$ cat start_28.txt   # compact mmCIF, C-alpha atoms
# COMPACT_ATOMS: atom_id res chain seq x y z
CA MET A 1 3.29 25.36 -36.73
CA ARG A 2 5.10 22.35 -35.34
CA SER A 3 3.61 20.53 -32.40
CA LEU A 4 5.81 19.79 -29.40
CA LEU A 5 7.68 16.51 -29.74
CA LEU A 6 7.49 14.55 -26.51
CA LYS A 7 8.29 10.97 -27.45
CA SER A 8 8.78 8.83 -30.53
CA LEU A 9 7.89 5.32 -31.50
CA THR A 10 8.07 3.06 -34.52
CA VAL A 11 5.02 1.65 -36.26
CA SER A 12 5.31 -0.69 -39.26
CA GLY A 13 8.86 0.43 -39.90
CA LEU A 14 7.95 4.14 -39.99
CA ALA A 15 9.26 6.39 -37.23
CA LEU A 16 6.43 8.62 -36.08
CA ALA A 17 6.51 11.38 -33.52
CA ALA A 18 3.79 10.70 -30.96
CA PHE A 19 2.61 13.59 -28.83
CA ALA A 20 1.66 12.49 -25.35
CA THR A 21 -0.71 14.90 -23.63
CA SER A 22 -2.27 14.20 -20.30
CA SER A 23 -5.90 15.17 -19.92
CA ALA A 24 -8.68 17.20 -21.48
CA LEU A 25 -8.04 20.93 -21.85
CA SER A 26 -9.14 22.25 -18.49
CA ASN A 27 -8.24 25.86 -19.17
CA ASN A 28 -9.50 26.23 -22.75
CA ALA A 29 -12.66 24.15 -22.82
CA ASP A 30 -14.89 27.20 -23.07
CA ALA A 31 -12.75 28.84 -25.74
CA ALA A 32 -12.30 26.07 -28.25
CA GLU A 33 -13.35 22.62 -29.32
CA VAL A 34 -11.26 19.67 -28.20
CA ALA A 35 -10.75 16.63 -30.44
CA THR A 36 -9.66 13.41 -28.72
CA THR A 37 -7.89 10.70 -30.71
CA LYS A 38 -9.04 7.10 -30.79
CA ASN A 39 -7.41 4.24 -28.89
CA ILE A 40 -4.94 3.32 -31.61
CA ALA A 41 -1.15 3.43 -31.45
CA VAL A 42 -0.65 6.43 -33.74
CA THR A 43 -3.18 8.75 -35.37
CA ARG A 44 -1.90 10.21 -38.65
CA LEU A 45 -2.01 13.89 -39.58
CA TYR A 46 -2.64 15.67 -42.89
CA THR A 47 -1.79 19.03 -44.42
CA GLN A 48 -4.50 21.51 -45.45
CA ASN A 49 -4.11 20.11 -48.98
CA GLY A 50 -4.86 16.58 -47.80
CA ASN A 51 -1.28 15.28 -47.99
CA LEU A 52 -0.20 12.76 -45.35
CA VAL A 53 2.33 14.16 -42.88
CA GLN A 54 5.13 11.61 -43.09
CA ASN A 55 7.02 12.09 -39.83
CA ARG A 56 4.42 13.06 -37.28
CA GLY A 57 1.42 11.59 -35.52
CA LEU A 58 -0.70 11.81 -32.39
CA ALA A 59 -0.72 9.40 -29.45
CA ALA A 60 -3.77 7.35 -28.49
CA ASN A 61 -6.52 8.88 -26.33
CA THR A 62 -5.02 12.37 -26.30
CA PRO A 63 -7.01 15.66 -26.43
CA TRP A 64 -6.11 18.40 -28.93
CA GLN A 65 -7.43 21.93 -29.18
CA VAL A 66 -9.06 22.54 -32.58
CA GLY A 67 -8.27 25.77 -34.43
CA LYS A 68 -10.60 25.48 -37.40
CA THR A 69 -12.42 22.82 -39.39
CA ILE A 70 -11.98 22.28 -43.12
CA GLN A 71 -13.61 19.75 -45.44
CA MET A 72 -11.94 17.62 -48.10
CA ASN A 73 -13.71 14.94 -50.12
CA GLY A 74 -16.70 15.12 -47.82
CA ILE A 75 -14.65 14.54 -44.64
CA ASP A 76 -14.07 17.09 -41.87
CA TYR A 77 -10.48 17.76 -40.80
CA TYR A 78 -9.64 19.47 -37.50
CA GLN A 79 -6.69 21.84 -37.28
CA VAL A 80 -4.35 20.91 -34.42
CA SER A 81 -1.35 22.98 -35.57
CA THR A 82 -0.60 25.59 -38.26
CA ASN A 83 -0.67 23.14 -41.18
CA GLU A 84 -1.52 19.82 -39.54
CA TYR A 85 -5.03 18.43 -39.47
CA LEU A 86 -6.66 15.50 -37.72
CA LYS A 87 -9.19 13.55 -39.77
CA SER A 88 -12.64 13.49 -38.10
CA THR A 89 -12.95 9.76 -38.77
CA ASP A 90 -9.85 9.24 -36.61
CA THR A 91 -11.41 11.17 -33.74
CA ALA A 92 -13.11 9.48 -30.81
CA SER A 93 -14.90 12.63 -29.66
CA LEU A 94 -15.25 16.35 -30.32
CA THR A 95 -16.32 18.46 -27.35
CA GLY A 96 -16.75 22.14 -26.54
CA SER A 97 -17.86 25.02 -28.70
CA ASN A 98 -15.83 26.95 -31.21
CA ASP A 99 -17.87 30.06 -31.92
CA ASP A 100 -14.73 32.24 -31.68
CA GLN A 101 -12.49 31.31 -34.59
CA SER A 102 -10.08 34.19 -33.91
CA GLN A 103 -7.69 31.98 -31.95
CA SER A 104 -6.68 30.03 -35.05
CA SER A 105 -5.31 33.24 -36.64
CA VAL A 106 -2.92 34.14 -33.78
CA ASP A 107 0.54 32.60 -34.20
CA ILE A 108 3.80 33.20 -32.41
CA LEU A 109 7.12 32.89 -34.25
CA VAL A 110 10.12 32.01 -32.09
CA GLU A 111 13.13 34.07 -33.20
CA GLN A 112 15.50 33.16 -30.36
CA TYR A 113 17.58 29.99 -30.34
CA GLY A 114 14.98 27.80 -28.72
CA ALA A 115 13.13 27.97 -25.42
CA ASP A 116 11.80 25.56 -22.82
CA THR A 117 8.11 25.00 -22.27
CA TYR A 118 6.59 24.82 -18.81
CA ASP A 119 3.84 22.65 -17.33
CA ASP A 120 1.14 24.64 -15.56
CA ARG A 121 0.41 21.71 -13.24
CA ASP A 122 3.74 21.66 -11.44
CA GLY A 123 5.93 24.29 -13.12
CA SER A 124 8.34 21.70 -14.52
CA VAL A 125 10.01 21.91 -17.93
CA ASN A 126 8.08 19.58 -20.24
CA GLY A 127 9.52 20.31 -23.68
CA HIS A 128 11.43 22.66 -25.96
CA VAL A 129 10.61 24.80 -28.98
CA ASP A 130 13.08 25.32 -31.80
CA HIS A 131 14.53 28.45 -33.36
CA PHE A 132 12.15 29.87 -36.01
CA SER A 133 9.36 27.45 -35.09
CA ASP A 134 5.80 28.76 -35.41
CA TRP A 135 3.05 28.02 -32.88
CA VAL A 136 -0.70 28.59 -32.56
CA VAL A 137 -1.34 30.48 -29.31
CA SER A 138 -4.51 29.90 -27.29
CA LYS A 139 -3.93 31.97 -24.12
CA VAL A 140 -1.66 34.66 -22.69
CA VAL A 141 -0.72 34.38 -19.02
CA PHE A 142 1.03 37.06 -16.96
CA GLU A 143 2.83 35.64 -13.91
CA ALA A 144 2.78 38.43 -11.33
CA SER A 145 5.42 36.90 -9.05
CA THR A 146 8.08 36.99 -11.78
CA GLY A 147 6.74 39.54 -14.27
CA LYS A 148 6.98 36.94 -17.05
CA THR A 149 4.44 36.48 -19.84
CA TYR A 150 3.68 32.96 -20.99
CA TYR A 151 1.96 31.84 -24.20
CA GLN A 152 -0.03 28.61 -24.20
CA ILE A 153 0.90 26.51 -27.22
CA SER A 154 -0.50 23.11 -26.23
CA ASN A 155 -2.29 21.32 -23.46
CA HIS A 156 -0.39 22.20 -20.22
CA GLN A 157 2.50 23.68 -22.25
CA TYR A 158 3.46 27.34 -21.91
CA VAL A 159 6.45 29.14 -23.36
CA ASN A 160 8.14 32.33 -22.15
CA LEU A 161 10.12 34.14 -24.88
CA TYR A 162 12.31 37.23 -25.22
CA ASN A 163 12.65 37.30 -29.02
CA TYR A 164 9.53 36.51 -31.03
CA GLN A 165 6.84 37.84 -33.35
CA VAL A 166 3.09 37.61 -32.89
CA HIS A 167 1.05 37.27 -36.10
CA GLY A 168 -2.57 38.18 -35.56
CA ASP A 169 -4.50 40.21 -33.01
CA GLU A 170 -3.18 39.20 -29.59
CA GLY A 171 -6.04 41.12 -28.02
CA THR A 172 -8.53 38.49 -29.16
CA LEU A 173 -6.87 35.88 -26.92
CA PRO A 174 -7.88 35.19 -23.31
CA HIS A 175 -5.51 37.09 -20.98
CA VAL A 176 -5.04 35.80 -17.44
CA GLN A 177 -3.01 37.17 -14.53
CA VAL A 178 -1.94 34.77 -11.77
CA ASP A 179 0.66 34.85 -9.00
CA HIS A 180 2.25 31.66 -10.30
CA LEU A 181 1.75 29.69 -13.51
CA THR A 182 0.64 26.66 -11.48
CA ASP A 183 -2.30 28.67 -10.10
CA LEU A 184 -4.06 28.04 -13.42
CA ASN A 185 -4.86 24.50 -12.27
CA LYS A 186 -6.09 25.45 -8.82
CA ASP A 187 -9.78 25.50 -7.97
CA ILE A 188 -10.17 28.71 -5.96
CA ASP A 189 -13.16 29.40 -3.70
CA PRO A 190 -14.37 32.90 -4.74
CA ASN A 191 -15.65 33.58 -1.21
CA THR A 192 -12.46 32.75 0.68
CA GLY A 193 -9.79 33.04 -2.00
CA MET A 194 -8.48 29.67 -0.80
CA GLU A 195 -7.73 26.65 -2.98
CA VAL A 196 -10.54 24.10 -2.94
CA ASN A 197 -9.37 20.59 -2.07
CA ASN A 198 -11.46 18.16 -4.16
CA TYR A 199 -9.72 15.05 -2.86
CA LYS A 200 -12.11 12.11 -2.23
CA PRO A 201 -10.51 9.53 0.12
CA ASN A 202 -10.62 5.80 -0.58
CA MET A 203 -9.90 3.78 2.57
CA GLU A 204 -8.77 0.66 0.72
CA ASN A 205 -6.23 2.66 -1.25
CA ILE A 206 -5.06 4.52 1.86
CA ASN A 207 -4.51 1.20 3.61
CA LYS A 208 -2.68 -0.18 0.58
CA TYR A 209 -0.26 2.76 0.53
CA PHE A 210 0.10 2.77 4.30
CA GLY A 211 0.99 -0.92 4.24
CA GLU A 212 3.59 -0.32 1.53
CA TYR A 213 5.14 2.57 3.45
CA LEU A 214 5.08 0.54 6.64
CA ASN A 215 6.89 -2.33 4.94
CA ALA A 216 9.47 0.11 3.60
CA LEU A 217 9.93 1.36 7.18
CA HIS A 218 10.26 -2.23 8.43
CA LYS A 219 12.84 -3.04 5.77
CA ALA A 220 14.87 0.05 6.68
CA ASN A 221 14.89 -1.06 10.32
CA GLY A 222 15.36 -4.79 9.75
CA THR A 223 11.94 -5.97 10.93
CA ALA A 224 9.59 -8.45 9.26
CA SER A 225 7.04 -7.32 6.67
CA VAL A 226 3.36 -6.86 7.50
CA THR A 227 0.05 -7.51 5.75
CA VAL A 228 -2.97 -5.23 5.69
CA THR A 229 -6.02 -7.39 6.43
CA SER A 230 -9.72 -6.58 6.16
CA ASP A 231 -10.22 -7.78 9.74
CA MET A 232 -7.67 -5.34 11.12
CA MET A 233 -8.91 -2.54 8.84
CA ASN A 234 -12.47 -3.03 10.13
CA TYR A 235 -11.32 -3.04 13.74
CA ALA A 236 -9.15 0.06 13.22
CA GLN A 237 -12.13 1.85 11.65
CA GLN A 238 -14.25 0.87 14.64
CA ARG A 239 -11.61 2.33 16.95
CA ALA A 240 -11.40 5.57 14.96
CA ASN A 241 -15.19 5.91 15.11
CA GLN A 242 -15.14 5.45 18.91
CA GLN A 243 -12.97 8.52 19.50
CA VAL A 244 -14.93 11.56 20.70
CA GLY A 245 -13.83 15.08 19.75
CA ASN A 246 -10.11 15.58 20.30
CA THR A 247 -10.05 13.12 23.21
CA LEU A 248 -8.15 9.95 22.31
CA ASP A 249 -8.95 6.97 24.54
CA HIS A 250 -7.15 3.60 24.38
CA THR A 251 -9.22 2.20 27.28
CA THR A 252 -12.31 1.64 25.10
CA ALA A 253 -10.51 -0.99 22.99
CA SER A 254 -12.20 -4.39 22.84
CA ARG A 255 -9.18 -6.31 21.52
CA GLU A 256 -5.57 -6.69 22.61
CA THR A 257 -3.78 -4.94 19.78
CA SER A 258 -0.87 -2.57 19.42
CA GLU A 259 -2.54 0.76 18.71
CA ASN A 260 -1.69 4.30 17.63
CA LEU A 261 -4.35 6.99 17.77
CA SER A 262 -4.35 10.46 16.22
CA SER A 263 -6.76 13.39 16.20
CA ALA A 264 -5.86 13.94 12.54
CA GLY A 265 -9.12 12.66 11.06
CA PHE A 266 -10.37 13.53 7.60
CA ASP A 267 -11.55 17.00 8.70
CA TYR A 268 -7.99 17.90 9.67
CA LEU A 269 -6.23 15.95 6.91
CA ILE A 270 -8.10 17.62 4.06
CA LYS A 271 -8.59 21.13 5.48
CA TRP A 272 -5.31 21.66 7.31
CA ALA A 273 -2.79 19.00 6.32
CA ASN A 274 -3.86 19.64 2.70
CA VAL A 275 -3.48 16.03 1.61
CA LYS A 276 -4.65 15.61 -1.99
CA SER A 277 -4.38 11.88 -2.59
CA ASP A 278 -4.63 8.55 -0.80
CA LYS A 279 -0.85 8.26 -0.99
CA ASP A 280 -0.48 11.71 0.60
CA THR A 281 -2.77 10.63 3.44
CA ALA A 282 -0.87 7.40 4.11
CA TYR A 283 2.52 9.08 4.16
CA TYR A 284 1.35 12.01 6.29
CA LEU A 285 0.00 9.69 9.01
CA LEU A 286 3.10 7.50 8.97
CA SER A 287 5.41 10.52 9.19
CA GLN A 288 3.45 12.18 12.02
CA TRP A 289 3.48 9.06 14.18
CA TYR A 290 7.16 8.43 13.48
CA ASP A 291 8.06 12.06 14.17
CA GLU A 292 6.43 12.05 17.67
CA SER A 293 6.30 15.88 17.81
CA ASN A 294 2.63 15.67 18.77
CA ASN A 295 3.10 12.94 21.38
CA LEU A 296 1.52 14.05 24.67
CA THR A 297 4.36 12.31 26.51
CA ALA A 298 7.22 14.77 26.71
CA PRO A 299 10.71 14.05 25.31
CA GLY A 300 12.97 12.30 27.78
CA GLN A 301 10.10 10.35 29.31
CA SER A 302 9.25 6.69 28.79
CA GLY A 303 6.63 6.38 26.07
CA HIS A 304 7.67 9.43 24.04
CA PHE A 305 8.72 7.16 21.15
CA GLY A 306 5.80 4.76 21.66
CA HIS A 307 4.09 5.55 18.35
CA ARG A 308 7.34 4.96 16.48
CA ALA A 309 7.87 1.67 18.30
CA ALA A 310 4.35 0.54 17.40
CA LEU A 311 5.06 1.23 13.72
CA ILE A 312 8.46 -0.45 13.48
CA TYR A 313 7.59 -3.54 15.56
CA SER A 314 4.00 -4.05 14.34
CA GLY A 315 2.47 -7.05 12.68
CA PRO A 316 2.13 -9.43 11.07
CA ASN A 317 -1.43 -8.12 10.51
CA VAL A 318 -2.18 -4.38 10.43
CA GLY A 319 -4.97 -1.98 9.51
CA LEU A 320 -5.82 1.72 9.42
CA GLY A 321 -9.14 3.42 10.12
CA ILE A 322 -10.04 7.09 9.71
CA SER A 323 -13.15 8.98 10.87
CA GLY A 324 -13.94 12.66 10.59
CA ASN A 325 -12.01 13.51 13.75
CA ALA A 326 -9.63 10.61 14.43
CA THR A 327 -7.33 7.97 12.98
CA SER A 328 -6.46 4.58 14.40
CA PHE A 329 -3.63 2.23 13.49
CA ASP A 330 -4.02 -1.28 14.90
CA ALA A 331 -1.71 -4.29 14.61
CA ASP A 332 -0.97 -7.65 16.13
CA TRP A 333 1.60 -7.71 18.91
CA ASN A 334 4.81 -9.20 17.55
CA TYR A 335 6.11 -11.11 20.57
CA ASP A 336 9.34 -12.00 18.77
CA THR A 337 10.35 -8.33 18.86
CA LEU A 338 8.64 -7.33 22.09
CA GLY A 339 11.97 -6.71 23.80
CA GLN A 340 13.04 -4.31 21.02
CA PHE A 341 9.65 -2.62 21.16
CA ASN A 342 10.02 -2.06 24.92
CA ALA A 343 13.57 -0.74 24.48
CA LEU A 344 12.37 1.94 22.04
CA TYR A 345 9.22 2.65 24.06
CA ASN A 346 11.25 3.27 27.21
CA TYR A 347 14.03 5.19 25.45
CA SER A 348 14.64 8.47 27.27
CA GLY A 349 17.12 10.09 24.90
CA SER A 350 16.40 12.36 21.96
CA ASN A 351 17.70 10.39 18.95
CA PRO A 352 17.02 6.65 18.91
CA ASN A 353 18.85 4.54 16.34
CA THR A 354 15.94 4.11 13.90
CA LYS A 355 15.54 4.99 10.24
CA PHE A 356 12.67 6.68 8.40
CA VAL A 357 11.77 6.47 4.68
CA SER A 358 11.12 9.07 2.00
CA LYS A 359 7.81 9.61 0.20
CA ASP A 360 9.26 8.16 -3.00
CA SER A 361 10.27 4.91 -1.26
CA ILE A 362 7.24 3.18 -2.80
$ encode --input "start_28.txt" --output "structure tokens"
Amino acid sequence: MRSLLLKSLTVSGLALAAFATSSALSNNADAAEVATTKNIAVTRLYTQNGNLVQNRGLAANTPWQVGKTIQMNGIDYYQVSTNEYLKSTDTASLTGSNDDQSQSSVDILVEQYGADTYDDRDGSVNGHVDHFSDWVVSKVVFEASTGKTYYQISNHQYVNLYNYQVHGDEGTLPHVQVDHLTDLNKDIDPNTGMEVNNYKPNMENINKYFGEYLNALHKANGTASVTVTSDMMNYAQQRANQQVGNTLDHTTASRETSENLSSAGFDYLIKWANVKSDKDTAYYLLSQWYDESNNLTAPGQSGHFGHRAALIYSGPNVGLGISGNATSFDADWNYDTLGQFNALYNYSGSNPNTKFVSKDSI
């Protein structure tokens, strides 16, 4: 079996194929052992006869599912493909249990002229298998939405074939049915059937991303850059904590700042907005304030674009605070652009001449 070639590099004049995997085997941990390579540039592989594989190696700190273990000259070797073995002394860790050795005897031979492999995390194409290549299979997945069957050949790599041979008892493999291949990486609550959001917010990171997005917005609109400060972050957090229920109250402010408030606190952001990272949170808040769809001041009235004005003409110092039920954005008043702020704040049309930014702008 040939492992999927993802990138190559040169070490000491020898071109070695390095296989870059991402994280520990989340879907197979109970079915097989996982060997993780050490933190060295390239880990060499060996055949079952102990011969060095000349043109292939494993990347640093990558996890590999182990088929079987053999011993040569008193050293254990872990099978990571049909005839490629990782030396135990080159392994940083070996985790999991491997009581069921049947998986190592199930191979799939590709008889069509190549096929793409798919990533179960996002459904993207992440590699290609060659005509007449042979692969160890660890799981069979039926995708109900398309009627396709996928075979897992490596960590987060699944192949769908129309011309192939299976060698071994396919019935010994784990069989899973999902609506979509990407559902394999979702944590589903068995009581509700809903995906569990395990995101843990970090306010410093959220502020960092929000500041970067805000500066991208300023650049797009020709205004000066801003700086996220701990003082403004602390005050914004205080303001978020002061909001009660869904009632947003600017009158309780103790400082003269430009301020945006939102009832999208962490309860809403995680449960309903489905943000899954600090970057998601920052962009969601920026986009909601810029969009103004939830502004209580109706379109055509002065103040409808007030949140957008506060974003574009904020600074130089800014900060963001989020409580369970509210979010506050606070910034210095920029008196140099106060006239432009007022013009946008009082705009009564439907399409002011301002520019937004995409999520990949930072």
$ atom_distance --input "start_28.txt" --atom1 "atom CA of Gly349 of chain A" --atom2 "atom CA of Leu286 of chain A"
21.4 Å
$ closest_residue --input "start_28.txt" --among "A:Thr182, A:Thr327, A:Ser93, A:Thr149" --to "Met203 of chain A" --atoms "only C-alpha atoms"
A:Thr327
$ residues_near_point --input "start_28.txt" --point "(-6.8, 18.9, -3.5)" --cutoff "8 Å" --atoms "all atoms listed in the file" --output "list in words"
Glu195, Val196, Asn197, Asn198, Tyr199, Ile270, Asn274, Val275, Lys276 and Ser277 of chain A
$ write_last_selection --input "start_28.txt" --atoms "C-alpha atoms" --output "PDB file, in the coordinates of the input"
ATOM      1  CA  GLU A 195      -7.730  26.650  -2.980  1.00  0.00           C
ATOM      2  CA  VAL A 196     -10.540  24.100  -2.940  1.00  0.00           C
ATOM      3  CA  ASN A 197      -9.370  20.590  -2.070  1.00  0.00           C
ATOM      4  CA  ASN A 198     -11.460  18.160  -4.160  1.00  0.00           C
ATOM      5  CA  TYR A 199      -9.720  15.050  -2.860  1.00  0.00           C
ATOM      6  CA  ILE A 270      -8.100  17.620   4.060  1.00  0.00           C
ATOM      7  CA  ASN A 274      -3.860  19.640   2.700  1.00  0.00           C
ATOM      8  CA  VAL A 275      -3.480  16.030   1.610  1.00  0.00           C
ATOM      9  CA  LYS A 276      -4.650  15.610  -1.990  1.00  0.00           C
ATOM     10  CA  SER A 277      -4.380  11.880  -2.590  1.00  0.00           C
TER      11      SER A 277
END
$ atom_distance --input "start_28.txt" --atom1 "atom CA of Thr281 of chain A" --atom2 "atom CA of Asn260 of chain A"
15.6 Å
$ closest_residue --input "start_28.txt" --among "A:Thr62, A:Ser230, A:Leu52, A:Val110" --to "Lys87 of chain A" --atoms "all atoms listed in the file"
A:Leu52
$ closest_residue --input "start_28.txt" --among "A:Ser293, A:Thr247, A:Gln238, A:Gln71" --to "Ser88 of chain A" --atoms "only C-alpha atoms"
A:Gln71
$ closest_residue --input "start_28.txt" --among "A:Tyr345, A:Trp272, A:Trp289, A:Trp64" --to "Glu84 of chain A" --atoms "all atoms listed in the file"
A:Trp64
$ atom_distance --input "start_28.txt" --atom1 "atom CA of Gly300 of chain A" --atom2 "atom CA of Phe341 of chain A"
16.7 Å
$ residues_near_point --input "start_28.txt" --point "(15.4, 0.1, 11.5)" --cutoff "12 Å" --atoms "only C-alpha atoms" --output "list in words"
Leu214, Asn215, Ala216, Leu217, His218, Lys219, Ala220, Asn221, Gly222, Thr223, Ala224, Tyr290, Arg308, Ala309, Leu311, Ile312, Tyr313, Gln340, Phe341, Leu344, Pro352, Asn353, Thr354, Lys355, Phe356 and Val357 of chain A
$ write_last_selection --input "start_28.txt" --atoms "C-alpha atoms" --output "PDB file, keeping the file's coordinate frame"
ATOM      1  CA  LEU A 214       5.080   0.540   6.640  1.00  0.00           C
ATOM      2  CA  ASN A 215       6.890  -2.330   4.940  1.00  0.00           C
ATOM      3  CA  ALA A 216       9.470   0.110   3.600  1.00  0.00           C
ATOM      4  CA  LEU A 217       9.930   1.360   7.180  1.00  0.00           C
ATOM      5  CA  HIS A 218      10.260  -2.230   8.430  1.00  0.00           C
ATOM      6  CA  LYS A 219      12.840  -3.040   5.770  1.00  0.00           C
ATOM      7  CA  ALA A 220      14.870   0.050   6.680  1.00  0.00           C
ATOM      8  CA  ASN A 221      14.890  -1.060  10.320  1.00  0.00           C
ATOM      9  CA  GLY A 222      15.360  -4.790   9.750  1.00  0.00           C
ATOM     10  CA  THR A 223      11.940  -5.970  10.930  1.00  0.00           C
ATOM     11  CA  ALA A 224       9.590  -8.450   9.260  1.00  0.00           C
ATOM     12  CA  TYR A 290       7.160   8.430  13.480  1.00  0.00           C
ATOM     13  CA  ARG A 308       7.340   4.960  16.480  1.00  0.00           C
ATOM     14  CA  ALA A 309       7.870   1.670  18.300  1.00  0.00           C
ATOM     15  CA  LEU A 311       5.060   1.230  13.720  1.00  0.00           C
ATOM     16  CA  ILE A 312       8.460  -0.450  13.480  1.00  0.00           C
ATOM     17  CA  TYR A 313       7.590  -3.540  15.560  1.00  0.00           C
ATOM     18  CA  GLN A 340      13.040  -4.310  21.020  1.00  0.00           C
ATOM     19  CA  PHE A 341       9.650  -2.620  21.160  1.00  0.00           C
ATOM     20  CA  LEU A 344      12.370   1.940  22.040  1.00  0.00           C
ATOM     21  CA  PRO A 352      17.020   6.650  18.910  1.00  0.00           C
ATOM     22  CA  ASN A 353      18.850   4.540  16.340  1.00  0.00           C
ATOM     23  CA  THR A 354      15.940   4.110  13.900  1.00  0.00           C
ATOM     24  CA  LYS A 355      15.540   4.990  10.240  1.00  0.00           C
ATOM     25  CA  PHE A 356      12.670   6.680   8.400  1.00  0.00           C
ATOM     26  CA  VAL A 357      11.770   6.470   4.680  1.00  0.00           C
TER      27      VAL A 357
END
$ residues_around --input "start_28.txt" --residues "Leu109 of chain A" --least-positions-apart "3" --cutoff "7 Å" --atoms "only C-alpha atoms" --output "PyMOL selection string"
chain A and resi 132-135+164-166
$ closest_residue --input "start_28.txt" --among "A:Asp280, A:Gln301, A:Asn317, A:Thr172" --to "Met233 of chain A" --atoms "all atoms listed in the file"
A:Asn317
$ closest_residue --input "start_28.txt" --among "A:Thr36, A:Thr91, A:Gln237, A:Gln152" --to "Asp107 of chain A" --atoms "all atoms listed in the file"
A:Gln152
$ axis_aligned_box --input "start_28.txt" --around "segment 340-359 of chain A" --padding-each-side "4 Å" --output "AutoDock Vina command-line options"
--center_x 13.3 --center_y 4.0 --center_z 13.7 --size_x 19.0 --size_y 24.7 --size_z 35.1
$ build_atoms --input "start_28.txt" --residues "segment 317-329 of chain A" --atoms "N, CA, C and O atoms" --output "compact mmCIF listing (two decimals), in the frame of the given file"
# COMPACT_ATOMS: atom_id res chain seq x y z
N ASN A 317 -0.22 -8.65 11.13
CA ASN A 317 -1.43 -8.12 10.51
C ASN A 317 -1.68 -6.70 11.00
O ASN A 317 -1.61 -6.42 12.21
N VAL A 318 -1.99 -5.78 10.08
CA VAL A 318 -2.18 -4.38 10.43
C VAL A 318 -3.40 -3.82 9.71
O VAL A 318 -3.87 -4.39 8.73
N GLY A 319 -3.87 -2.66 10.17
CA GLY A 319 -4.97 -1.98 9.51
C GLY A 319 -5.07 -0.55 9.97
O GLY A 319 -4.62 -0.20 11.07
N LEU A 320 -5.68 0.30 9.15
CA LEU A 320 -5.82 1.72 9.42
C LEU A 320 -7.28 2.10 9.28
O LEU A 320 -7.96 1.67 8.33
N GLY A 321 -7.77 2.91 10.20
CA GLY A 321 -9.14 3.42 10.12
C GLY A 321 -9.15 4.92 10.34
O GLY A 321 -8.40 5.43 11.18
N ILE A 322 -9.98 5.64 9.60
CA ILE A 322 -10.04 7.09 9.71
C ILE A 322 -11.50 7.54 9.77
O ILE A 322 -12.31 7.18 8.91
N SER A 323 -11.83 8.35 10.78
CA SER A 323 -13.15 8.98 10.87
C SER A 323 -12.99 10.48 10.60
O SER A 323 -11.91 10.93 10.24
N GLY A 324 -14.04 11.23 10.81
CA GLY A 324 -13.94 12.66 10.59
C GLY A 324 -12.96 13.34 11.53
O GLY A 324 -12.31 14.32 11.16
N ASN A 325 -12.83 12.83 12.75
CA ASN A 325 -12.01 13.51 13.75
C ASN A 325 -10.86 12.67 14.32
O ASN A 325 -10.14 13.14 15.20
N ALA A 326 -10.66 11.45 13.84
CA ALA A 326 -9.63 10.61 14.43
C ALA A 326 -9.12 9.56 13.45
O ALA A 326 -9.80 9.21 12.47
N THR A 327 -7.92 9.06 13.74
CA THR A 327 -7.33 7.97 12.98
C THR A 327 -6.80 6.92 13.94
O THR A 327 -6.25 7.27 15.01
N SER A 328 -6.96 5.67 13.58
CA SER A 328 -6.46 4.58 14.40
C SER A 328 -5.63 3.62 13.57
O SER A 328 -6.04 3.24 12.46
N PHE A 329 -4.46 3.26 14.08
CA PHE A 329 -3.63 2.23 13.49
C PHE A 329 -3.56 1.07 14.47
O PHE A 329 -3.16 1.25 15.63
